[in-house]
$ cat target02.tsv   # TSV, C-alpha atoms and all ligand atoms
chain	number	residue	atom	x	y	z
A	1	MET	CA	-115.75	105.37	-3.04
A	2	ASN	CA	-117.90	107.73	-5.15
A	3	PHE	CA	-119.34	105.32	-7.73
A	4	CYS	CA	-120.38	101.68	-7.75
A	5	SER	CA	-117.61	99.67	-9.46
A	6	ASN	CA	-120.21	97.17	-10.66
A	7	CYS	CA	-122.90	99.38	-12.28
A	8	GLY	CA	-121.40	102.90	-12.19
A	9	SER	CA	-124.22	104.40	-10.10
A	10	ALA	CA	-123.45	107.25	-7.72
A	11	ASP	CA	-126.36	106.20	-5.51
A	12	LEU	CA	-124.31	104.66	-2.70
A	13	SER	CA	-125.35	104.41	0.92
A	14	TYR	CA	-123.40	103.44	4.01
A	15	GLN	CA	-125.45	101.01	6.04
A	16	GLN	CA	-125.46	97.69	7.88
A	17	PRO	CA	-126.89	95.02	5.54
A	18	ALA	CA	-129.36	92.51	7.00
A	19	GLY	CA	-127.51	89.78	8.89
A	20	ASP	CA	-124.25	91.69	8.75
A	21	THR	CA	-122.28	92.90	11.76
A	22	HIS	CA	-120.67	95.95	10.16
A	23	GLN	CA	-121.62	98.94	8.05
A	24	ARG	CA	-120.77	98.72	4.34
A	25	HIS	CA	-120.96	100.80	1.20
A	26	VAL	CA	-124.07	99.48	-0.57
A	27	CYS	CA	-125.16	100.38	-4.12
A	28	GLU	CA	-128.83	101.35	-4.14
A	29	ALA	CA	-129.04	100.73	-7.90
A	30	CYS	CA	-127.66	97.17	-8.17
A	31	GLN	CA	-127.56	96.21	-4.45
A	32	THR	CA	-123.87	95.27	-4.58
A	33	ILE	CA	-122.26	95.36	-1.14
A	34	HIS	CA	-118.76	96.78	-1.34
A	35	TYR	CA	-116.56	95.23	1.34
A	36	ARG	CA	-113.30	96.80	2.46
A	37	ASN	CA	-110.73	94.84	4.36
A	38	PRO	CA	-107.22	95.30	5.75
A	39	LYS	CA	-104.18	94.67	3.61
A	40	VAL	CA	-101.27	92.40	4.40
A	41	VAL	CA	-97.77	93.85	4.31
A	42	THR	CA	-95.28	91.01	4.04
A	43	GLY	CA	-91.54	91.29	4.56
A	44	CYS	CA	-88.32	89.68	5.63
A	45	LEU	CA	-85.29	90.73	7.66
A	46	PRO	CA	-82.30	89.21	5.83
A	47	VAL	CA	-79.54	88.04	8.18
A	48	TRP	CA	-75.90	87.46	7.25
A	49	GLU	CA	-73.41	86.44	9.94
A	50	ASP	CA	-73.94	88.94	12.81
A	51	LYS	CA	-75.58	91.54	10.58
A	52	VAL	CA	-79.01	92.40	9.21
A	53	LEU	CA	-79.80	93.92	5.84
A	54	LEU	CA	-81.83	97.12	5.69
A	55	CYS	CA	-82.89	99.22	2.70
A	56	ARG	CA	-83.07	102.99	2.53
A	57	ARG	CA	-86.36	103.98	0.97
A	58	ALA	CA	-86.37	105.80	-2.38
A	59	ILE	CA	-90.14	106.28	-2.24
A	60	GLU	CA	-92.68	107.96	0.00
A	61	PRO	CA	-93.79	107.53	2.71
A	62	ALA	CA	-90.64	107.66	4.83
A	63	TYR	CA	-88.34	108.58	1.93
A	64	GLY	CA	-84.69	108.30	2.98
A	65	LEU	CA	-85.35	106.20	6.08
A	66	TRP	CA	-84.23	102.59	6.63
A	67	ASN	CA	-86.60	99.69	6.45
A	68	VAL	CA	-86.99	95.93	6.63
A	69	PRO	CA	-87.77	94.95	3.01
A	70	SER	CA	-91.59	94.79	2.97
A	71	GLY	CA	-94.59	95.53	0.82
A	72	TYR	CA	-98.19	94.72	0.02
A	73	LEU	CA	-99.04	91.09	-0.54
A	74	GLU	CA	-100.28	90.62	-4.11
A	75	ASN	CA	-103.24	88.62	-5.34
A	76	GLY	CA	-102.25	85.07	-6.26
A	77	GLU	CA	-99.25	85.11	-3.93
A	78	SER	CA	-98.50	83.39	-0.63
A	79	VAL	CA	-97.25	85.44	2.32
A	80	ARG	CA	-93.92	83.62	2.13
A	81	ALA	CA	-93.54	84.17	-1.61
A	82	GLY	CA	-94.37	87.83	-1.13
A	83	ALA	CA	-91.71	88.23	1.56
A	84	LYS	CA	-89.06	86.76	-0.74
A	85	ARG	CA	-90.24	88.92	-3.65
A	86	GLU	CA	-89.93	92.09	-1.58
A	87	VAL	CA	-86.32	91.25	-0.66
A	88	GLN	CA	-85.61	90.59	-4.35
A	89	GLU	CA	-87.20	93.88	-5.43
A	90	GLU	CA	-85.74	96.14	-2.76
A	91	ALA	CA	-82.32	94.56	-2.22
A	92	LEU	CA	-81.85	92.39	-5.35
A	93	ALA	CA	-81.18	89.57	-2.91
A	94	GLU	CA	-82.25	86.02	-2.31
A	95	VAL	CA	-83.24	84.76	1.13
A	96	ARG	CA	-84.12	81.39	2.61
A	97	LEU	CA	-86.97	82.13	5.02
A	98	ASP	CA	-86.27	81.00	8.56
A	99	TYR	CA	-89.27	81.87	10.75
A	100	LEU	CA	-92.15	84.33	11.14
A	101	ILE	CA	-90.99	86.78	13.80
A	102	THR	CA	-93.76	89.41	13.96
A	103	LEU	CA	-97.46	89.95	13.43
A	104	TYR	CA	-98.02	93.66	13.80
A	105	ASP	CA	-101.42	95.30	13.40
A	106	ILE	CA	-101.95	98.93	12.48
A	107	GLU	CA	-105.71	99.10	12.88
A	108	ARG	CA	-105.88	102.83	12.18
A	109	ILE	CA	-104.75	102.35	8.58
A	110	ASN	CA	-106.01	98.79	8.06
A	111	GLN	CA	-102.66	97.06	7.72
A	112	VAL	CA	-101.36	93.74	9.03
A	113	TYR	CA	-97.58	93.32	8.91
A	114	LEU	CA	-96.17	89.79	8.72
A	115	GLN	CA	-92.38	89.78	8.80
A	116	TYR	CA	-89.94	86.88	8.63
A	117	VAL	CA	-86.32	86.38	9.52
A	118	GLY	CA	-84.40	84.94	6.58
A	119	HIS	CA	-80.91	83.80	5.71
A	120	LEU	CA	-79.26	86.06	3.11
A	121	ILE	CA	-77.91	83.61	0.53
A	122	GLU	CA	-74.11	83.95	0.26
A	123	GLY	CA	-74.39	87.44	1.75
A	124	ARG	CA	-75.07	88.89	-1.69
A	125	PHE	CA	-77.29	91.91	-2.29
A	126	GLY	CA	-77.67	95.06	-4.36
A	127	VAL	CA	-79.83	98.17	-4.44
A	128	GLY	CA	-83.30	97.83	-5.98
A	129	GLU	CA	-85.23	100.54	-7.80
A	130	GLU	CA	-87.31	101.39	-4.73
A	131	SER	CA	-84.17	101.81	-2.61
A	132	LEU	CA	-81.56	104.55	-2.34
A	133	ASP	CA	-79.16	102.19	-0.60
A	134	ALA	CA	-78.90	98.82	1.12
A	135	GLN	CA	-76.49	97.97	3.90
A	136	LEU	CA	-75.63	95.29	6.43
A	137	PHE	CA	-75.75	96.49	10.03
A	138	THR	CA	-74.59	95.00	13.31
A	139	GLU	CA	-76.92	95.61	16.25
A	140	GLU	CA	-74.70	98.50	17.40
A	141	ASN	CA	-74.72	100.12	13.97
A	142	VAL	CA	-78.43	100.00	13.20
A	143	PRO	CA	-79.58	103.60	12.55
A	144	TRP	CA	-82.28	103.42	15.23
A	145	ASP	CA	-83.26	107.07	14.81
A	146	GLU	CA	-83.79	106.65	11.08
A	147	ILE	CA	-85.99	103.54	10.92
A	148	ALA	CA	-88.93	104.06	8.56
A	149	PHE	CA	-91.77	102.36	10.42
A	150	THR	CA	-92.59	101.06	13.89
A	151	SER	CA	-93.25	97.65	12.30
A	152	SER	CA	-89.60	97.47	11.28
A	153	GLU	CA	-88.40	98.64	14.67
A	154	PHE	CA	-90.60	96.00	16.31
A	155	THR	CA	-89.05	93.27	14.15
A	156	LEU	CA	-85.48	94.53	14.63
A	157	ARG	CA	-85.72	94.87	18.40
A	158	ASN	CA	-87.26	91.44	18.81
A	159	TYR	CA	-84.74	89.85	16.47
A	160	PHE	CA	-81.75	91.18	18.40
A	161	HIS	CA	-83.37	90.48	21.77
A	162	ASP	CA	-84.10	86.84	20.87
A	163	ARG	CA	-80.83	86.14	19.11
A	164	SER	CA	-79.24	84.84	22.31
A	165	ILE	CA	-81.99	82.27	22.97
A	166	PRO	CA	-82.48	79.14	20.88
A	167	ARG	CA	-86.24	79.40	20.65
A	168	LYS	CA	-87.77	81.28	17.75
A	169	LEU	CA	-90.73	83.26	19.00
A	170	LEU	CA	-93.55	84.99	17.18
A	171	HIS	CA	-94.13	88.46	18.62
A	172	GLN	CA	-97.47	90.17	18.25
A	173	ALA	CA	-98.47	93.74	18.90
A	174	SER	CA	-100.53	96.63	17.63
A	175	TYR	CA	-99.24	100.05	16.64
A	176	PRO	CA	-97.50	101.93	18.25
A	177	ALA	CA	-95.97	99.21	20.38
A	178	VAL	CA	-92.45	98.27	19.46
A	179	ARG	CA	-91.96	95.53	22.04
A	180	SER	CA	-94.30	92.59	22.57
B	1	MET	CA	-114.61	95.89	-11.90
B	2	ASN	CA	-116.69	97.58	-14.62
B	3	PHE	CA	-116.56	101.23	-13.54
B	4	CYS	CA	-114.03	103.44	-11.80
B	5	SER	CA	-115.12	103.84	-8.17
B	6	ASN	CA	-113.52	107.28	-8.11
B	7	CYS	CA	-114.95	109.02	-11.21
B	8	GLY	CA	-117.55	106.55	-12.57
B	9	SER	CA	-115.88	106.15	-15.96
B	10	ALA	CA	-116.15	102.82	-17.78
B	11	ASP	CA	-112.85	103.50	-19.54
B	12	LEU	CA	-110.72	101.08	-17.55
B	13	SER	CA	-107.61	99.35	-18.79
B	14	TYR	CA	-105.56	96.52	-17.32
B	15	GLN	CA	-101.90	97.42	-17.51
B	16	GLN	CA	-98.64	97.64	-15.60
B	17	PRO	CA	-98.20	101.22	-14.38
B	18	ALA	CA	-94.75	102.80	-14.70
B	19	GLY	CA	-92.49	101.63	-11.89
B	20	ASP	CA	-94.95	98.93	-10.84
B	21	THR	CA	-94.25	95.19	-10.82
B	22	HIS	CA	-97.81	93.99	-11.45
B	23	GLN	CA	-100.73	94.69	-13.77
B	24	ARG	CA	-103.55	96.79	-12.33
B	25	HIS	CA	-106.95	98.13	-13.29
B	26	VAL	CA	-106.25	101.75	-14.27
B	27	CYS	CA	-108.88	104.41	-15.01
B	28	GLU	CA	-108.08	106.16	-18.28
B	29	ALA	CA	-110.32	109.09	-17.30
B	30	CYS	CA	-108.92	110.01	-13.86
B	31	GLN	CA	-105.73	107.86	-13.82
B	32	THR	CA	-106.68	106.17	-10.54
B	33	ILE	CA	-104.87	102.85	-10.07
B	34	HIS	CA	-107.21	100.29	-8.50
B	35	TYR	CA	-105.21	97.85	-6.40
B	36	ARG	CA	-106.60	94.49	-5.36
B	37	ASN	CA	-105.07	92.49	-2.56
B	38	PRO	CA	-105.67	89.26	-0.64
B	39	LYS	CA	-107.99	89.20	2.36
B	40	VAL	CA	-107.16	87.91	5.81
B	41	VAL	CA	-109.40	85.27	7.34
B	42	THR	CA	-108.85	85.20	11.08
B	43	GLY	CA	-110.05	82.50	13.44
B	44	CYS	CA	-109.54	80.56	16.63
B	45	LEU	CA	-109.86	76.93	17.68
B	46	PRO	CA	-111.39	77.05	21.19
B	47	VAL	CA	-110.06	74.33	23.51
B	48	TRP	CA	-111.74	73.03	26.65
B	49	GLU	CA	-110.17	70.17	28.61
B	50	ASP	CA	-109.42	67.46	26.00
B	51	LYS	CA	-111.93	68.84	23.49
B	52	VAL	CA	-112.12	71.43	20.72
B	53	LEU	CA	-115.12	73.52	19.76
B	54	LEU	CA	-116.36	73.45	16.17
B	55	CYS	CA	-119.32	75.20	14.57
B	56	ARG	CA	-121.63	73.79	11.92
B	57	ARG	CA	-122.07	76.39	9.20
B	58	ALA	CA	-125.54	77.86	8.60
B	59	ILE	CA	-124.29	79.81	5.58
B	60	GLU	CA	-122.74	79.09	2.20
B	61	PRO	CA	-120.16	78.09	1.20
B	62	ALA	CA	-119.93	74.71	2.94
B	63	TYR	CA	-123.39	74.93	4.50
B	64	GLY	CA	-123.85	72.15	7.07
B	65	LEU	CA	-120.15	71.37	7.45
B	66	TRP	CA	-118.05	71.88	10.59
B	67	ASN	CA	-115.56	74.66	10.91
B	68	VAL	CA	-113.05	76.38	13.14
B	69	PRO	CA	-114.74	79.73	13.93
B	70	SER	CA	-113.24	82.10	11.34
B	71	GLY	CA	-114.09	85.02	9.11
B	72	TYR	CA	-112.80	88.05	7.26
B	73	LEU	CA	-110.73	90.50	9.22
B	74	GLU	CA	-112.52	93.86	9.32
B	75	ASN	CA	-111.09	97.31	8.81
B	76	GLY	CA	-110.03	98.88	12.09
B	77	GLU	CA	-109.52	95.51	13.77
B	78	SER	CA	-106.43	93.57	14.83
B	79	VAL	CA	-106.01	89.94	13.77
B	80	ARG	CA	-106.32	88.89	17.40
B	81	ALA	CA	-109.44	90.96	18.02
B	82	GLY	CA	-110.98	89.52	14.86
B	83	ALA	CA	-110.30	85.95	15.97
B	84	LYS	CA	-112.05	86.59	19.28
B	85	ARG	CA	-114.96	88.31	17.53
B	86	GLU	CA	-115.50	85.35	15.22
B	87	VAL	CA	-115.71	82.96	18.17
B	88	GLN	CA	-118.18	85.31	19.82
B	89	GLU	CA	-120.32	85.57	16.68
B	90	GLU	CA	-120.32	81.90	15.67
B	91	ALA	CA	-120.29	80.19	19.08
B	92	LEU	CA	-121.38	82.95	21.48
B	93	ALA	CA	-118.23	82.14	23.40
B	94	GLU	CA	-115.29	83.91	24.95
B	95	VAL	CA	-111.73	82.73	24.42
B	96	ARG	CA	-108.34	83.69	25.79
B	97	LEU	CA	-106.01	83.45	22.81
B	98	ASP	CA	-103.08	81.12	23.41
B	99	TYR	CA	-100.90	81.04	20.27
B	100	LEU	CA	-101.01	81.42	16.49
B	101	ILE	CA	-101.01	77.87	15.14
B	102	THR	CA	-101.42	78.25	11.37
B	103	LEU	CA	-100.73	80.60	8.47
B	104	TYR	CA	-102.45	79.06	5.47
B	105	ASP	CA	-102.43	80.65	2.03
B	106	ILE	CA	-105.03	80.02	-0.63
B	107	GLU	CA	-103.43	81.91	-3.49
B	108	ARG	CA	-106.10	80.88	-6.01
B	109	ILE	CA	-108.81	82.84	-4.19
B	110	ASN	CA	-106.56	85.47	-2.58
B	111	GLN	CA	-107.04	84.47	1.04
B	112	VAL	CA	-104.63	84.25	3.97
B	113	TYR	CA	-105.90	82.26	6.96
B	114	LEU	CA	-104.47	83.09	10.38
B	115	GLN	CA	-105.83	80.77	13.08
B	116	TYR	CA	-105.14	80.70	16.79
B	117	VAL	CA	-105.58	78.17	19.55
B	118	GLY	CA	-107.53	79.63	22.45
B	119	HIS	CA	-108.80	78.65	25.87
B	120	LEU	CA	-112.59	78.46	26.00
B	121	ILE	CA	-113.48	80.44	29.10
B	122	GLU	CA	-115.31	78.24	31.62
B	123	GLY	CA	-116.22	75.87	28.77
B	124	ARG	CA	-119.26	77.99	27.97
B	125	PHE	CA	-120.63	78.40	24.47
B	126	GLY	CA	-123.84	78.65	22.44
B	127	VAL	CA	-124.94	78.67	18.82
B	128	GLY	CA	-124.53	81.93	16.87
B	129	GLU	CA	-126.70	83.13	14.01
B	130	GLU	CA	-124.23	81.93	11.37
B	131	SER	CA	-124.17	78.44	12.92
B	132	LEU	CA	-126.59	75.51	12.87
B	133	ASP	CA	-124.85	73.93	15.84
B	134	ALA	CA	-121.74	74.07	17.99
B	135	GLN	CA	-120.16	71.12	19.76
B	136	LEU	CA	-117.10	70.06	21.70
B	137	PHE	CA	-115.21	67.16	20.12
B	138	THR	CA	-112.42	64.91	21.33
B	139	GLU	CA	-109.81	64.03	18.70
B	140	GLU	CA	-111.55	60.69	18.08
B	141	ASN	CA	-114.95	62.31	17.63
B	142	VAL	CA	-114.02	65.09	15.22
B	143	PRO	CA	-116.20	64.67	12.09
B	144	TRP	CA	-113.16	64.52	9.81
B	145	ASP	CA	-115.25	63.83	6.69
B	146	GLU	CA	-117.45	66.84	7.33
B	147	ILE	CA	-114.89	69.60	7.89
B	148	ALA	CA	-115.76	72.72	5.90
B	149	PHE	CA	-112.37	73.89	4.67
B	150	THR	CA	-108.83	72.57	4.32
B	151	SER	CA	-107.69	75.52	6.44
B	152	SER	CA	-109.67	74.11	9.35
B	153	GLU	CA	-108.41	70.58	8.78
B	154	PHE	CA	-104.85	71.94	8.68
B	155	THR	CA	-105.35	73.66	12.04
B	156	LEU	CA	-107.11	70.69	13.64
B	157	ARG	CA	-104.52	68.10	12.53
B	158	ASN	CA	-101.62	70.24	13.68
B	159	TYR	CA	-103.29	71.02	16.99
B	160	PHE	CA	-103.84	67.36	17.88
B	161	HIS	CA	-100.41	66.36	16.55
B	162	ASP	CA	-98.62	68.98	18.66
B	163	ARG	CA	-100.68	68.52	21.80
B	164	SER	CA	-98.24	66.00	23.21
B	165	ILE	CA	-95.21	68.29	22.87
B	166	PRO	CA	-94.67	71.35	25.03
B	167	ARG	CA	-93.54	73.63	22.24
B	168	LYS	CA	-96.17	75.68	20.41
B	169	LEU	CA	-95.33	75.72	16.73
B	170	LEU	CA	-96.59	77.88	13.90
B	171	HIS	CA	-97.40	75.74	10.87
B	172	GLN	CA	-97.42	77.24	7.39
B	173	ALA	CA	-98.73	75.83	4.14
B	174	SER	CA	-100.55	76.66	0.96
B	175	TYR	CA	-103.78	75.10	-0.26
B	176	PRO	CA	-104.41	72.17	-0.61
B	177	ALA	CA	-101.84	71.00	1.93
B	178	VAL	CA	-103.26	69.94	5.25
B	179	ARG	CA	-99.95	69.10	6.95
B	180	SER	CA	-96.93	71.35	7.10
A	201	ZN	ZN	-124.19	99.29	-8.43
A	202	ZN	ZN	-111.71	107.20	-12.79

$ encode --input "target02.tsv" --output "structure tokens"
Amino acid sequence: MNFCSNCGSADLSYQQPAGDTHQRHVCEACQTIHYRNPKVVTGCLPVWEDKVLLCRRAIEPAYGLWNVPSGYLENGESVRAGAKREVQEEALAEVRLDYLITLYDIERINQVYLQYVGHLIEGRFGVGEESLDAQLFTEENVPWDEIAFTSSEFTLRNYFHDRSIPRKLLHQASYPAVRS
Amino acid sequence: MNFCSNCGSADLSYQQPAGDTHQRHVCEACQTIHYRNPKVVTGCLPVWEDKVLLCRRAIEPAYGLWNVPSGYLENGESVRAGAKREVQEEALAEVRLDYLITLYDIERINQVYLQYVGHLIEGRFGVGEESLDAQLFTEENVPWDEIAFTSSEFTLRNYFHDRSIPRKLLHQASYPAVRS
């Protein structure tokens, strides 16, 4: 942040406002306090029979690697709606959300991942504009060495681990953990 | 947003960038795309014996009403760490987080509430600077007509409803629902 987005002044300081617990960018001209907060990345692992659907990224970062369909939550959108939208955009597919499987914090880059397990409707999917490819994988066939992000690996490992038990658990961890 | 926070230009447009799915504020001078995303509000309902701890707000909005200790997640912080920090700030108390009980979206104001149930260590608490008061309430004594936010009511109702069953469920809803 170089300029105040309210008044355009370049006279910004970084200080702890009175009564606040954290340092903020404060505009010395108009006194606006500019808060910065983590972003939510919402996603869903689509499941069809004994397989899961992954997308191969056509964009940076992690171009060419496989990922659980996920992306930034948008203003005006619920976490669940965002998860379904990401599956639609990346895999042209419709899911019925089943349960929230992971809450994964990456404090270093101010991200909170919330990923669901969902039922892939009729097993139908395609390849969205942000994807090079989309494929269904059994546990044995998952390209473990080519997974885009630790958040996706965390969701995948927990999904397969829990598949044999009836209870649906939420797993929580912070980067770089991949098992809760 | 009146000025570009990168270059200070007032020449901002609101448009859908190429390859994007949403409209954004875009600076015509430096081409910076200014994304805006929902904020996470993290909190925890502290439990001691058959009672829950609520705080009476000393700040707007909802000044004077009772609330589950909650606040904006900060950069560099995990959702769980933020929940514990909020209890410390508002009730000068320490909790051991038990489970995530609610994910509550308020799309209209771009907020995602994530609230936990936690064990109030040794039943000890005080009154933080953002609180007028803090008190332990049994289910019968909760001031239901003076609860600050529907997110808190959603958490409280689900906590008491589920208390008699062994399974710890995550409840999800969007404003203004108070039951999943
Ligand atoms: Zn200013
Ligand atoms: Zn600019």

$ residues_around --input "target02.tsv" --residues "stretch 83-100 of chain B" --least-positions-apart "3" --cutoff "8 Å" --atoms "all atoms listed in the file" --output "list in words"
Thr42, Gly43, Cys44, Pro46, Cys55, Pro69, Ser70, Gly71, Val79, Arg80, Leu114, Gln115, Tyr116, Val117, Gly118, His119, Leu120, Ile121, Arg124, Phe125, Gly126, Val127, Gly128, Glu129, Glu130, Ser131, Ala134, Lys168 and Leu170 of chain B

$ residues_around --input "target02.tsv" --residues "A:Ala148" --least-positions-apart "4" --cutoff "12 Å" --atoms "only C-alpha atoms" --output "ChimeraX atom specification"
/A:54-70,143-144,152-154,156

$ interface_residues --input "target02.tsv" --of "chain A" --to "chain B" --cutoff "7 Å" --atoms "all atoms listed in the file" --output "list of chain:residue names"
A:Met1, A:Asn2, A:Phe3, A:Cys4, A:Ser5, A:Asn6, A:Cys7, A:Gly8, A:Arg36, A:Asn37, A:Pro38, A:Lys39, A:Leu73, A:Glu74, A:Asn75, A:Gly76, A:Glu77, A:Ser78, A:Asp105, A:Glu107, A:Arg108, A:Asn110

$ residues_around --input "target02.tsv" --residues "B:Glu28" --least-positions-apart "2" --cutoff "8 Å" --atoms "all atoms listed in the file" --output "compact mmCIF listing (two decimals) with C-alpha atoms, in the frame of the given file"
# COMPACT_ATOMS: atom_id res chain seq x y z
CA ASP B 11 -112.85 103.50 -19.54
CA LEU B 12 -110.72 101.08 -17.55
CA SER B 13 -107.61 99.35 -18.79
CA VAL B 26 -106.25 101.75 -14.27
CA CYS B 30 -108.92 110.01 -13.86
CA GLN B 31 -105.73 107.86 -13.82
CA THR B 32 -106.68 106.17 -10.54

$ atom_distance --input "target02.tsv" --atom1 "atom CA of A:Ala177" --atom2 "atom CA of A:Thr150"
7.5 Å

$ atom_distance --input "target02.tsv" --atom1 "atom CA of A:His34" --atom2 "atom ZN of ligand ZN 201 (chain A)"
9.3 Å

$ closest_residue --input "target02.tsv" --among "B:Val52, B:Ile101, B:Ser151, B:Ala29" --to "ligand ZN 202 (chain A)" --atoms "all atoms listed in the file"
B:Ala29

$ atom_distance --input "target02.tsv" --atom1 "atom CA of A:Gln15" --atom2 "atom CA of B:Tyr113"
27.1 Å

$ closest_residue --input "target02.tsv" --among "B:Val47, B:Ile165, B:Ala81, B:Ile33" --to "ligand ZN 202 (chain A)" --atoms "all atoms listed in the file"
B:Ile33
